[in-house]
Amino acid sequence: MTRRLLGVFAHPDDESYGPAGTLATSSAAGVDVHIAVMTDGAAGTPAAGFPEGAALAEVRHRELQAAAAVLNATLHHFAYRDSGYTGDERNGDPDVFMNIDPAEPMADLVELIRSVRPDVVITHDENGGYRHPDHIRCHQLVRAAFEAAGDPGRYRELGPPFRPARLYSETTSNRWIKVFIRILRLLRRDPTRFGVNKDVDLTHVGMDPARITTRIDVRRGWVLKKAATACHASQRGGSGPLGRMPARLLAVVSPRELFIREHPPPHPGLREDGLFPPPSG
Ligand SMILES: [Zn+2]
């Protein structure tokens, strides 16, 4: 039986900068990989030479298609309008993803889960990685849709109920981030104003390592992860430190992608190195 994996992400590029190593190694192992992206990415800050607004959304859709092809995944792009990062003035707009009525994206996700019938669903963690409101919204919607898709009494018009075996949140450990914050403070840099737009608070990035249940070996996936991130040129994919480092070195520096098992709930101290349940029977 073919195993199926569905990754649901907020923005075009989250699949690549996030758990692309897991997606790439899974598809190489014969898993049928699906990627769903909820927003259009129009609020992303474009690299020099790229347009803004609606024209940027078109560019980002094509970049996402290219990245999904690199990862050998089937793409489902819902393209709601994305929100900006915390504090962005566009976040008062009722039409952005963080503010819209959740009924419509919920129905999209229930229908998707029931039609793809994945064994495993992965999404952002409850912290949204670095507290991006769209990532947090995506996490909440996926959790709710995961429950609803398996409930025969809900969304009857969207096909027969289906409950995937497992739900995971992709995450980062804050262990090294805490070290990095100390280094920044020694350099008299402000860790609460980090990144291209100086709007990322590193003190809110990453999870307590004790929460992490699942570590996936992605050393063989780095060549494709790098190639997928390079597809997102409007978001500086392929440039910067990540773009310049050879995949062989990245595989040494970052050999594993980390996940928190959400469903079924982990027993205390669970440590596993795979996402899929063992074959039954
Ligand atoms: Zn994102």
# chains A, B, ... in the order shown; residues from 1 in each chain; ligands from 1
$ residues_near_ligand --ligand "ligand 1" --cutoff "9 Å" --atoms "only C-alpha atoms and all ligand atoms" --output "list in words"
Phe9, Ala10, His11, Pro12, Asp13, Asp14, Glu15, Tyr17, Gly18, Gly41, Gly44, Gly128, Gly129, His132, Asp134 and His135 of chain A
$ residues_around --residues "Ala57 in chain A" --least-positions-apart "3" --cutoff "8 Å" --atoms "only C-alpha atoms" --output "list in words"
Asp40, Gly41, Ala42, Glu52, Gly53, Ala54, Arg60 and His61 of chain A
$ write_last_selection --atoms "C-alpha atoms" --output "PDB file, in the first residue's frame"
ATOM      1  CA  ASP A  40      -0.713  33.746  -1.774  1.00  0.00           C
ATOM      2  CA  GLY A  41       2.408  35.273  -0.188  1.00  0.00           C
ATOM      3  CA  ALA A  42       1.629  38.765  -1.513  1.00  0.00           C
ATOM      4  CA  GLU A  52       4.872  43.730  -4.929  1.00  0.00           C
ATOM      5  CA  GLY A  53       1.206  42.924  -4.259  1.00  0.00           C
ATOM      6  CA  ALA A  54      -0.850  40.947  -6.780  1.00  0.00           C
ATOM      7  CA  ARG A  60       5.221  33.236  -5.765  1.00  0.00           C
ATOM      8  CA  HIS A  61       2.651  30.795  -7.145  1.00  0.00           C
TER       9      HIS A  61
END
$ residues_around --residues "range 70-82 of chain A" --least-positions-apart "6" --cutoff "6 Å" --atoms "only C-alpha atoms" --output "list in words"
Ala24, Val33, His34, Ile35, Ala36, Val37, Met38, Thr39, Asp40, Gly41, Val96, Phe97 and Ala228 of chain A
$ write_last_selection --atoms "N, CA, C and O atoms" --output "PDB file, in the first residue's frame"
ATOM      1  N   ALA A  24      11.305  15.582   0.887  1.00  0.00           N
ATOM      2  CA  ALA A  24      12.146  15.030  -0.192  1.00  0.00           C
ATOM      3  C   ALA A  24      12.531  13.582   0.104  1.00  0.00           C
ATOM      4  O   ALA A  24      12.461  12.727  -0.793  1.00  0.00           O
ATOM      5  N   VAL A  33       3.608  12.265  -1.730  1.00  0.00           N
ATOM      6  CA  VAL A  33       3.700  13.487  -0.920  1.00  0.00           C
ATOM      7  C   VAL A  33       2.815  14.585  -1.521  1.00  0.00           C
ATOM      8  O   VAL A  33       2.868  14.849  -2.726  1.00  0.00           O
ATOM      9  N   HIS A  34       1.999  15.195  -0.663  1.00  0.00           N
ATOM     10  CA  HIS A  34       1.145  16.318  -1.066  1.00  0.00           C
ATOM     11  C   HIS A  34       1.507  17.543  -0.229  1.00  0.00           C
ATOM     12  O   HIS A  34       1.747  17.427   0.972  1.00  0.00           O
ATOM     13  N   ILE A  35       1.522  18.706  -0.880  1.00  0.00           N
ATOM     14  CA  ILE A  35       1.791  19.965  -0.186  1.00  0.00           C
ATOM     15  C   ILE A  35       0.588  20.875  -0.391  1.00  0.00           C
ATOM     16  O   ILE A  35       0.160  21.095  -1.530  1.00  0.00           O
ATOM     17  N   ALA A  36       0.024  21.387   0.724  1.00  0.00           N
ATOM     18  CA  ALA A  36      -1.038  22.389   0.625  1.00  0.00           C
ATOM     19  C   ALA A  36      -0.503  23.688   1.204  1.00  0.00           C
ATOM     20  O   ALA A  36       0.119  23.697   2.269  1.00  0.00           O
ATOM     21  N   VAL A  37      -0.733  24.797   0.485  1.00  0.00           N
ATOM     22  CA  VAL A  37      -0.299  26.114   0.954  1.00  0.00           C
ATOM     23  C   VAL A  37      -1.529  27.015   0.997  1.00  0.00           C
ATOM     24  O   VAL A  37      -2.283  27.104   0.027  1.00  0.00           O
ATOM     25  N   MET A  38      -1.734  27.648   2.147  1.00  0.00           N
ATOM     26  CA  MET A  38      -2.993  28.333   2.392  1.00  0.00           C
ATOM     27  C   MET A  38      -3.059  29.740   1.795  1.00  0.00           C
ATOM     28  O   MET A  38      -4.137  30.239   1.507  1.00  0.00           O
ATOM     29  N   THR A  39      -1.920  30.443   1.664  1.00  0.00           N
ATOM     30  CA  THR A  39      -1.987  31.856   1.262  1.00  0.00           C
ATOM     31  C   THR A  39      -1.188  32.130  -0.005  1.00  0.00           C
ATOM     32  O   THR A  39      -0.428  31.282  -0.477  1.00  0.00           O
ATOM     33  N   ASP A  40      -1.342  33.380  -0.499  1.00  0.00           N
ATOM     34  CA  ASP A  40      -0.713  33.746  -1.774  1.00  0.00           C
ATOM     35  C   ASP A  40       0.679  34.358  -1.614  1.00  0.00           C
ATOM     36  O   ASP A  40       1.400  34.520  -2.591  1.00  0.00           O
ATOM     37  N   GLY A  41       1.057  34.727  -0.406  1.00  0.00           N
ATOM     38  CA  GLY A  41       2.408  35.273  -0.188  1.00  0.00           C
ATOM     39  C   GLY A  41       2.600  36.702  -0.657  1.00  0.00           C
ATOM     40  O   GLY A  41       3.732  37.184  -0.721  1.00  0.00           O
ATOM     41  N   VAL A  96      -7.470  39.478   5.320  1.00  0.00           N
ATOM     42  CA  VAL A  96      -6.224  38.683   5.377  1.00  0.00           C
ATOM     43  C   VAL A  96      -6.470  37.404   6.167  1.00  0.00           C
ATOM     44  O   VAL A  96      -7.395  37.305   6.983  1.00  0.00           O
ATOM     45  N   PHE A  97      -5.601  36.414   5.915  1.00  0.00           N
ATOM     46  CA  PHE A  97      -5.825  35.046   6.400  1.00  0.00           C
ATOM     47  C   PHE A  97      -6.049  34.977   7.909  1.00  0.00           C
ATOM     48  O   PHE A  97      -6.890  34.203   8.381  1.00  0.00           O
ATOM     49  N   ALA A 228      14.915  23.272  -3.652  1.00  0.00           N
ATOM     50  CA  ALA A 228      13.550  23.786  -3.457  1.00  0.00           C
ATOM     51  C   ALA A 228      13.591  25.225  -2.940  1.00  0.00           C
ATOM     52  O   ALA A 228      12.844  26.092  -3.416  1.00  0.00           O
TER      53      ALA A 228
END
$ residues_around --residues "Gly21 in chain A" --least-positions-apart "5" --cutoff "9 Å" --atoms "only C-alpha atoms" --output "MDAnalysis selection string"
chainID A and resid 16 26 71 216:226 256:257
$ closest_atom_pairs --of "range 101-165 of chain A" --to "range 270-279 of chain A" --cutoff "10 Å" --atoms "only C-alpha atoms" --output "tab-separated table"
residue	atom	partner	partner_atom	distance
A:Asp119	CA	A:Phe276	CA	7.2
A:Val120	CA	A:Phe276	CA	6.6
A:Val121	CA	A:Leu275	CA	9.3
A:Ile122	CA	A:Leu275	CA	9.3
A:Ala165	CA	A:Pro277	CA	7.4
$ write_last_selection --atoms "N, CA, C and O atoms" --output "tab-separated table (two decimals), in the first residue's frame"
chain	number	residue	atom	x	y	z
A	119	ASP	N	-1.85	9.25	5.39
A	119	ASP	CA	-1.58	8.54	6.64
A	119	ASP	C	-1.12	9.54	7.70
A	119	ASP	O	-1.40	9.37	8.88
A	120	VAL	N	-0.35	10.53	7.24
A	120	VAL	CA	0.27	11.48	8.17
A	120	VAL	C	0.04	12.90	7.64
A	120	VAL	O	0.18	13.15	6.44
A	121	VAL	N	-0.28	13.81	8.56
A	121	VAL	CA	-0.40	15.24	8.24
A	121	VAL	C	0.66	15.98	9.05
A	121	VAL	O	0.84	15.70	10.24
A	122	ILE	N	1.36	16.92	8.41
A	122	ILE	CA	2.28	17.77	9.15
A	122	ILE	C	1.93	19.24	8.91
A	122	ILE	O	1.43	19.59	7.84
A	165	ALA	N	-3.80	8.73	10.37
A	165	ALA	CA	-3.30	8.04	11.57
A	165	ALA	C	-2.57	9.00	12.50
A	165	ALA	O	-2.64	8.86	13.72
$ residues_around --residues "Pro265 in chain A" --least-positions-apart "5" --cutoff "10 Å" --atoms "only C-alpha atoms" --output "list in words"
Arg166, Leu167, Ile260 and Leu270 of chain A
$ write_last_selection --atoms "N, CA and C atoms" --output "compact mmCIF listing (two decimals), in the first residue's frame"
# COMPACT_ATOMS: atom_id res chain seq x y z
N ARG A 166 -1.84 9.98 11.92
CA ARG A 166 -1.00 10.82 12.77
C ARG A 166 -0.99 12.27 12.32
N LEU A 167 -0.80 13.13 13.31
CA LEU A 167 -0.63 14.57 13.06
C LEU A 167 0.64 15.04 13.76
N ILE A 260 6.88 17.58 16.64
CA ILE A 260 6.14 17.25 17.86
C ILE A 260 4.95 16.40 17.44
N LEU A 270 8.48 9.94 24.78
CA LEU A 270 8.52 9.32 23.43
C LEU A 270 9.67 9.91 22.61
$ select_by_dssp --residues "range 75-223 of chain A" --states "strand (DSSP E)" --output "PyMOL selection string"
chain A and resi 75-80+120-124+166-171+214-217
$ select_by_dssp --residues "range 237-276 of chain A" --states "alpha helix (DSSP H)" --output "list in words"
Gly240, Pro241, Leu242, Gly243, Arg244, Ala247, Arg248, Leu249, Leu250, Ala251, Val252 and Val253 of chain A
$ closest_residue --among "A:Gly84, A:Gly49, A:Thr2, A:Leu184" --to "Gly30 in chain A" --atoms "only C-alpha atoms"
A:Thr2
$ closest_residue --among "A:Pro118, A:Pro46, A:Pro102, A:Pro255" --to "Val31 in chain A" --atoms "only C-alpha atoms"
A:Pro118
$ atom_distance --atom1 "CA of Ala145 in chain A" --atom2 "CA of Val116 in chain A"
13.4 Å
$ closest_residue --among "A:Asn99, A:Thr229, A:Thr123, A:Ser254" --to "Ser173 in chain A" --atoms "only C-alpha atoms"
A:Ser254
$ closest_residue --among "A:Thr213, A:Thr203, A:Thr192, A:Asn197" --to "Trp176 in chain A" --atoms "only C-alpha atoms"
A:Thr203
$ atom_distance --atom1 "CA of Ala144 in chain A" --atom2 "CA of Gly7 in chain A"
15.0 Å
$ closest_residue --among "A:Val142, A:Leu258, A:Leu187, A:Leu5" --to "Glu170 in chain A" --atoms "only C-alpha atoms"
A:Leu258
$ residues_around --residues "Glu126 in chain A" --least-positions-apart "6" --cutoff "9 Å" --atoms "only C-alpha atoms" --output "list of chain:residue names"
A:His135, A:Ile136, A:Arg137, A:His139, A:Gln140, A:Ser169
$ closest_residue --among "A:Pro133, A:Arg143, A:Leu158, A:Ala47" --to "Asn91 in chain A" --atoms "only C-alpha atoms"
A:Pro133
$ residues_around --residues "Glu157 in chain A" --least-positions-apart "2" --cutoff "12 Å" --atoms "only C-alpha atoms" --output "ChimeraX atom specification"
/A:107,110-111,114,149,152-155,159-161
